[in-house]
Amino acid sequence: MYPLLETIDNPDRLRALERKQLPQLAAELRAFLIESVSRTGGHLSSNLGTVELTIALHYVFNTPSDRLVWDVGHQTYPHKILTGRRAAMASLRQLGGIAGFPRRDESPYDAFGAGHSSTSISAALGMAVAAKQQGTGRRAVAIIGDGAMTAGMAFEALNNAGAMDANLLVILNDNDMSISPNVGALNNYLAKLMSGRFYAAARKAGEKMLSVAPPILELAKRAEEHMKGMVIPGTLFEEFGFNYIGPIDGHDLDALIPTLSNIKQLEGPQFLHVVTQKGKGFKRAEENPCLYHGVAKFNPEDGVLDSQQGGRKTYTQVFGDWLCDMAAADSRLVGITPAMCEGSGMVKFSEDFPSRYFDVGIAEQHAVTFAAGLACEGLKPVVAIYSTFLQRAYDQLVHDVALQNLPVVFAIDRAGLVGADGSTHAGSFDLSFLRCIPNMVVMAPSDENECRQMLYTAFRLDQPTAVRYPRGCGDGVAIAEEMTALPVGRGEMRRHGDKIAILAFGSMLSPALQAAEKLNASVANMRFVKPLDDALVKELAASHQLLVTVEENAVMGGAGSAVAESLDQQGITVSLLQLGLPDQFIEQGDHAVLLRMCGLDGDGLVQSIRKLLPE
């Protein structure tokens with residue numbers, strides 16, 4: 001089915017092909033992508049959009065000696081396939097298989113690990129400067145999408161790179177169709193012209209000649225910028241100190257390869273602007289790139305079908321419903337997301353309350369401080385953010401929100417393990433890094449209804465509050481339409497037993513109850529990580545031989561540590577077992593399997609407890 005692709009086991013084989021063979025390779029690679037991802041699930045639209053660009057990069061540059069640094073990593077499947085991992089794509093995002101993102105320990109062709117956005121330019125700049133200091137002559141290339149370019153970190157790196165004079169190439173992979181009219185034969189011609197040595201040499205010579213007459217030089221520069229402004233949007237990047245080239249058609253190998261070959265010969269920071277189409281070559285993905293961004297297994301003939309959850313709602317849907325209900329009840333509510341409208345369940349809110357919905361782009365730091373500013377003026381901001389993305393705005397959370405005790409609600413999605421996305425997206429640390437911050441209230445719901453009520457509770461408080469909930473569905477409990485505030489800092493008993501008391505936080509209530517049935521243990525649904533229910537801790541310690549804390553968070557510094565601190569502060573001595581995620585990054589795989597491997601399913605809890613109390 002793939003006669004040419006099957007001969008490519010590494011980029012050396014690719015570079016041995018004739019130029020005229022590359023379009024066939026692109027067609028086979030695109031077809032293989034669709035077939036492979038339909039069987040495993042994964043990111044599709046973005047990968048279909050980078051087929052030709054990936055081929056051109058490996059064809060022109062001497063990888064892995066030359067470094068390709070992919071931003072985020074959503075678009076690296078073609079790169080993985082062409083670098084010896086074609087057969088391994090059958091194990092994509094599965095336990096023991098290859099990752100959905102670049103990983104340095106997976107392949108020498110993965111120059112830098114990714115998963116979060118906007119890191120590529122900084123990393124590639126570091127590699128370019130290292131190459132210059134070491135005199136290796138290797139090139140460094142950062143490939144970044146237009147979405148990732150919205151982050152402040154990308155502009156910080158651009159600002160620094162322009163002053164470094166290192167041999168860095170930044171490729172902006174732009175799939176915003178609003179720029180499509182600028183793409184065509186004329187722009188491809190101009191890009192090839194401006195990336196040529198003659199143009200670069202002539203420009204430098206002209207600047208040297210005119211430098212003796214500064215007014216004329218300034219006039220010439222303005223004229224050049226004016227001309228460029230009429231045909232290309234490059235002035236901004238020129239101001240950063242880059243030589244801007246483009247935009248060119250990112251699916252046109254006859255434009256990409258000569259342009260990249262020319263740029264490879266140039267010195268200093270270069271910026272190539274390519275325009276691609278998400279989902280290219282698969283009509284369904286072209287028409288709905290968001291739906292096909294990340295997909296489960298599907299039949300290519302039928303397309304992606306709506307997933308059936310057996311009538312159960314995901315926690316993300318519970319949040320989205322609550323957000324709309326709360327917004328209807330209180331005009332002060334505003335919703336903020338750093339470019340995760342669909343993922344955070346805010347689509348309906350954005351449609352029903354467009355003037356109160358703010359997508360700030362991939363700019364988590366800005367999102368949090370923006371929320372702080374809104375809160376200063378009497379509004380009630382709700383920041384919908386993934387656990388691992390909140391890590392990127394930690395200083396803003398501490399300094400701009402908590403220090404000023406502003407009433408910002410953080411709806412933290414993807415708390416705990418996240419399955420196939422792996423360690424880059426696992427929310428393993430939020431309880432640890434949140435509970436140490438003064439003024440914070442931290443809640444962890446055990447089911448969908450409790451999630452709704454906790455969000456309402458958080459919104460009513462006049463201080464910074466976080467509700468962290470997992471990816472996927474809960475147990476399918478009935479969700480009360482009426483919203484009721486929970487008593488702050490109060491847990492509840494869910495089972496009364498003997499000798500052993502399990503203190504469950506959030507998603508761990510269900511396996512705790514399963515374990516308790518076999519151990520005749522008591523179970524408390526703690527609800528609040530901060531403030532902790534010290535009275536309930538004291539009561540359980542007085543009536544049980546062993547306290548066991550269970551959380552889907554790192555053990556170090558997490559909810560179990562909060563219980564240990566409570567016992568110490570109250571002068572209570574009792575056996576305490578803290579169970580949670582181990583001190584390591586957890587790989588990708590099925591969520592239930594990963595929990596079992598960490599000993600956080602019902603049977604795992606029983607085994608850990610019986611080691612302490614074998615009788």
# chains A, B, ... in the order shown; residues from 1 in each chain; ligands from 1

call {"tool": "residues_around", "arguments": {"residues": "stretch 489-496 of chain A", "least_positions_apart": "2", "cutoff": "6 Å", "atoms": "only C-alpha atoms", "output": "ChimeraX atom specification"}}
result
/A:487,522-528,531-533

call {"tool": "write_last_selection", "arguments": {"atoms": "all heavy atoms", "output": "JSON list (two decimals), in the first residue's frame"}}
result
[["chain", "number", "residue", "atom", "x", "y", "z"],
["A", 487, "PRO", "N", -20.51, 23.57, 53.28],
["A", 487, "PRO", "CA", -19.80, 24.20, 54.40],
["A", 487, "PRO", "C", -18.29, 24.12, 54.18],
["A", 487, "PRO", "O", -17.75, 23.03, 53.97],
["A", 487, "PRO", "CB", -20.24, 23.38, 55.61],
["A", 487, "PRO", "CG", -20.73, 22.07, 55.05],
["A", 487, "PRO", "CD", -21.26, 22.37, 53.69],
["A", 522, "SER", "N", -13.58, 2.43, 57.78],
["A", 522, "SER", "CA", -14.35, 3.67, 57.67],
["A", 522, "SER", "C", -13.83, 4.48, 56.48],
["A", 522, "SER", "O", -12.65, 4.37, 56.12],
["A", 522, "SER", "CB", -14.22, 4.50, 58.94],
["A", 522, "SER", "OG", -14.72, 3.81, 60.06],
["A", 523, "VAL", "N", -14.70, 5.27, 55.88],
["A", 523, "VAL", "CA", -14.29, 6.11, 54.74],
["A", 523, "VAL", "C", -14.84, 7.51, 54.93],
["A", 523, "VAL", "O", -16.04, 7.70, 55.17],
["A", 523, "VAL", "CB", -14.78, 5.54, 53.40],
["A", 523, "VAL", "CG1", -14.41, 6.48, 52.25],
["A", 523, "VAL", "CG2", -14.21, 4.15, 53.15],
["A", 524, "ALA", "N", -13.96, 8.49, 54.81],
["A", 524, "ALA", "CA", -14.36, 9.90, 54.86],
["A", 524, "ALA", "C", -14.11, 10.53, 53.50],
["A", 524, "ALA", "O", -13.04, 10.35, 52.91],
["A", 524, "ALA", "CB", -13.57, 10.64, 55.93],
["A", 525, "ASN", "N", -15.12, 11.22, 53.00],
["A", 525, "ASN", "CA", -14.96, 12.03, 51.79],
["A", 525, "ASN", "C", -14.52, 13.41, 52.28],
["A", 525, "ASN", "O", -15.32, 14.19, 52.76],
["A", 525, "ASN", "CB", -16.28, 12.11, 51.03],
["A", 525, "ASN", "CG", -16.21, 13.05, 49.85],
["A", 525, "ASN", "OD1", -15.13, 13.34, 49.33],
["A", 525, "ASN", "ND2", -17.36, 13.54, 49.41],
["A", 526, "MET", "N", -13.23, 13.71, 52.14],
["A", 526, "MET", "CA", -12.67, 14.89, 52.79],
["A", 526, "MET", "C", -13.10, 16.20, 52.12],
["A", 526, "MET", "O", -13.13, 17.25, 52.75],
["A", 526, "MET", "CB", -11.15, 14.80, 52.82],
["A", 526, "MET", "CG", -10.64, 13.64, 53.67],
["A", 526, "MET", "SD", -11.21, 13.69, 55.39],
["A", 526, "MET", "CE", -10.40, 15.16, 55.99],
["A", 527, "ARG", "N", -13.38, 16.16, 50.82],
["A", 527, "ARG", "CA", -13.88, 17.32, 50.06],
["A", 527, "ARG", "C", -12.89, 18.47, 49.97],
["A", 527, "ARG", "O", -12.55, 18.93, 48.89],
["A", 527, "ARG", "CB", -15.19, 17.83, 50.66],
["A", 527, "ARG", "CG", -16.38, 16.94, 50.43],
["A", 527, "ARG", "CD", -17.62, 17.57, 51.04],
["A", 527, "ARG", "NE", -18.84, 16.90, 50.59],
["A", 527, "ARG", "CZ", -20.04, 17.15, 51.10],
["A", 527, "ARG", "NH1", -20.19, 18.04, 52.07],
["A", 527, "ARG", "NH2", -21.11, 16.52, 50.64],
["A", 528, "PHE", "N", -12.43, 18.98, 51.10],
["A", 528, "PHE", "CA", -11.55, 20.16, 51.11],
["A", 528, "PHE", "C", -10.12, 19.74, 51.45],
["A", 528, "PHE", "O", -9.88, 19.07, 52.45],
["A", 528, "PHE", "CB", -12.03, 21.19, 52.13],
["A", 528, "PHE", "CG", -13.29, 21.91, 51.73],
["A", 528, "PHE", "CD1", -14.53, 21.32, 51.94],
["A", 528, "PHE", "CD2", -13.24, 23.15, 51.13],
["A", 528, "PHE", "CE1", -15.70, 21.96, 51.56],
["A", 528, "PHE", "CE2", -14.39, 23.81, 50.75],
["A", 528, "PHE", "CZ", -15.63, 23.22, 50.96],
["A", 531, "PRO", "N", -9.31, 24.78, 53.41],
["A", 531, "PRO", "CA", -8.88, 24.33, 54.74],
["A", 531, "PRO", "C", -9.29, 22.88, 54.99],
["A", 531, "PRO", "O", -10.38, 22.45, 54.60],
["A", 531, "PRO", "CB", -9.62, 25.28, 55.67],
["A", 531, "PRO", "CG", -10.84, 25.69, 54.91],
["A", 531, "PRO", "CD", -10.43, 25.73, 53.48],
["A", 532, "LEU", "N", -8.41, 22.16, 55.62],
["A", 532, "LEU", "CA", -8.66, 20.76, 55.95],
["A", 532, "LEU", "C", -9.62, 20.66, 57.13],
["A", 532, "LEU", "O", -9.63, 21.53, 58.00],
["A", 532, "LEU", "CB", -7.34, 20.07, 56.27],
["A", 532, "LEU", "CG", -7.35, 18.56, 56.43],
["A", 532, "LEU", "CD1", -7.57, 17.89, 55.08],
["A", 532, "LEU", "CD2", -6.04, 18.08, 57.05],
["A", 533, "ASP", "N", -10.40, 19.60, 57.16],
["A", 533, "ASP", "CA", -11.32, 19.37, 58.27],
["A", 533, "ASP", "C", -10.53, 18.76, 59.44],
["A", 533, "ASP", "O", -10.50, 17.54, 59.63],
["A", 533, "ASP", "CB", -12.45, 18.44, 57.83],
["A", 533, "ASP", "CG", -13.59, 18.38, 58.85],
["A", 533, "ASP", "OD1", -13.36, 18.73, 60.02],
["A", 533, "ASP", "OD2", -14.70, 17.98, 58.46]]

call {"tool": "residues_around", "arguments": {"residues": "stretch 99-111 of chain A", "least_positions_apart": "6", "cutoff": "7 Å", "atoms": "only C-alpha atoms", "output": "list in words"}}
result
Thr63, Pro64, Arg67, Leu68, Val69, Gly73, His74, Thr76, Thr83, Leu92, Arg93 and Asp421 of chain A

call {"tool": "closest_residue", "arguments": {"among": "A:Thr465, A:Thr40, A:Asn159, A:Ser122", "to": "A:Gly97", "atoms": "only C-alpha atoms"}}
result
A:Thr40

call {"tool": "residues_around", "arguments": {"residues": "A:Met597", "least_positions_apart": "3", "cutoff": "12 Å", "atoms": "only C-alpha atoms", "output": "number ranges by chain"}}
result
A: 95, 417, 580-582, 586-594, 600-605

call {"tool": "closest_residue", "arguments": {"among": "A:Gln270, A:Asn175, A:Gln24, A:Ser608", "to": "A:Tyr2", "atoms": "only C-alpha atoms"}}
result
A:Gln24

call {"tool": "residues_around", "arguments": {"residues": "A:Phe271", "least_positions_apart": "4", "cutoff": "12 Å", "atoms": "only C-alpha atoms", "output": "NGL selection string"}}
result
:A and (121 or 141-144 or 158 or 161-162 or 167-173 or 191 or 194-195 or 233-248 or 259-260 or 263-264 or 266-267)

call {"tool": "write_last_selection", "arguments": {"atoms": "N, CA and C atoms", "output": "compact mmCIF listing (two decimals), in the first residue's frame"}}
result
# COMPACT_ATOMS: atom_id res chain seq x y z
N ILE A 121 11.28 28.08 20.36
CA ILE A 121 12.26 29.10 19.97
C ILE A 121 13.34 29.23 21.03
N VAL A 141 16.57 24.54 14.15
CA VAL A 141 15.32 24.98 13.54
C VAL A 141 14.19 24.81 14.55
N ALA A 142 13.44 25.87 14.78
CA ALA A 142 12.24 25.81 15.63
C ALA A 142 11.02 25.88 14.73
N ILE A 143 10.10 24.93 14.89
CA ILE A 143 8.86 24.93 14.12
C ILE A 143 7.73 25.22 15.09
N ILE A 144 7.08 26.37 14.93
CA ILE A 144 6.08 26.82 15.89
C ILE A 144 4.80 27.22 15.16
N LEU A 158 12.12 35.43 20.80
CA LEU A 158 12.40 36.19 19.58
C LEU A 158 13.23 37.42 19.90
N ALA A 161 16.73 36.28 20.64
CA ALA A 161 17.41 35.68 19.49
C ALA A 161 17.93 36.74 18.53
N GLY A 162 17.15 37.82 18.36
CA GLY A 162 17.57 38.85 17.41
C GLY A 162 18.88 39.51 17.78
N ASN A 167 22.89 31.12 14.37
CA ASN A 167 22.27 30.57 13.16
C ASN A 167 21.00 29.81 13.53
N LEU A 168 19.96 30.57 13.77
CA LEU A 168 18.67 30.02 14.17
C LEU A 168 17.64 30.27 13.07
N LEU A 169 16.89 29.24 12.75
CA LEU A 169 15.76 29.39 11.82
C LEU A 169 14.48 29.13 12.59
N VAL A 170 13.59 30.10 12.59
CA VAL A 170 12.26 29.94 13.16
C VAL A 170 11.27 29.81 12.02
N ILE A 171 10.50 28.71 12.02
CA ILE A 171 9.48 28.50 11.01
C ILE A 171 8.11 28.67 11.66
N LEU A 172 7.38 29.66 11.20
CA LEU A 172 6.02 29.87 11.68
C LEU A 172 5.08 29.06 10.79
N ASN A 173 4.50 28.01 11.37
CA ASN A 173 3.53 27.19 10.64
C ASN A 173 2.15 27.79 10.88
N ALA A 191 9.69 34.79 -1.75
CA ALA A 191 10.35 34.09 -0.65
C ALA A 191 11.66 33.47 -1.12
N MET A 194 14.16 36.34 -1.66
CA MET A 194 14.67 36.98 -0.44
C MET A 194 15.49 36.03 0.41
N SER A 195 15.37 34.72 0.18
CA SER A 195 16.18 33.77 0.95
C SER A 195 17.49 33.46 0.25
N PRO A 233 3.60 40.20 5.71
CA PRO A 233 3.46 40.74 7.07
C PRO A 233 4.71 40.53 7.89
N GLY A 234 5.88 40.97 7.38
CA GLY A 234 7.13 40.63 8.04
C GLY A 234 7.78 41.70 8.87
N THR A 235 7.22 42.91 8.87
CA THR A 235 7.89 44.00 9.56
C THR A 235 8.12 43.71 11.03
N LEU A 236 7.15 43.09 11.69
CA LEU A 236 7.27 42.80 13.12
C LEU A 236 8.50 41.96 13.40
N PHE A 237 8.69 40.89 12.62
CA PHE A 237 9.80 39.97 12.88
C PHE A 237 11.13 40.59 12.46
N GLU A 238 11.11 41.46 11.46
CA GLU A 238 12.31 42.19 11.10
C GLU A 238 12.75 43.08 12.27
N GLU A 239 11.78 43.66 12.97
CA GLU A 239 12.11 44.52 14.10
C GLU A 239 12.78 43.74 15.22
N PHE A 240 12.49 42.45 15.32
CA PHE A 240 13.14 41.60 16.32
C PHE A 240 14.57 41.23 15.90
N GLY A 241 14.96 41.59 14.69
CA GLY A 241 16.31 41.29 14.23
C GLY A 241 16.40 40.08 13.32
N PHE A 242 15.26 39.55 12.87
CA PHE A 242 15.24 38.40 11.99
C PHE A 242 15.16 38.85 10.53
N ASN A 243 15.69 38.03 9.66
CA ASN A 243 15.46 38.19 8.23
C ASN A 243 14.19 37.43 7.89
N TYR A 244 13.13 38.16 7.59
CA TYR A 244 11.81 37.55 7.37
C TYR A 244 11.67 37.10 5.92
N ILE A 245 11.15 35.87 5.75
CA ILE A 245 10.94 35.28 4.42
C ILE A 245 9.55 34.66 4.39
N GLY A 246 8.78 34.98 3.35
CA GLY A 246 7.46 34.37 3.23
C GLY A 246 6.38 35.41 3.07
N PRO A 247 5.12 34.99 3.20
CA PRO A 247 4.69 33.60 3.46
C PRO A 247 4.72 32.74 2.20
N ILE A 248 4.96 31.46 2.38
CA ILE A 248 4.93 30.53 1.25
C ILE A 248 3.97 29.38 1.57
N THR A 259 13.60 27.15 -0.92
CA THR A 259 13.67 28.20 0.09
C THR A 259 14.47 27.74 1.30
N LEU A 260 14.19 26.53 1.81
CA LEU A 260 14.95 26.01 2.94
C LEU A 260 16.42 25.82 2.59
N ILE A 263 17.99 29.25 2.75
CA ILE A 263 18.10 29.72 4.13
C ILE A 263 19.24 29.01 4.86
N LYS A 264 19.43 27.75 4.55
CA LYS A 264 20.48 26.97 5.21
C LYS A 264 21.86 27.59 5.00
N LEU A 266 22.42 30.86 4.84
CA LEU A 266 22.48 32.20 5.40
C LEU A 266 22.95 32.19 6.85
N GLU A 267 23.57 33.27 7.25
CA GLU A 267 24.04 33.42 8.61
C GLU A 267 23.04 34.25 9.42

call {"tool": "closest_residue", "arguments": {"among": "A:Met149, A:Leu434, A:Met483, A:Cys451", "to": "A:Gly506", "atoms": "only C-alpha atoms"}}
result
A:Cys451
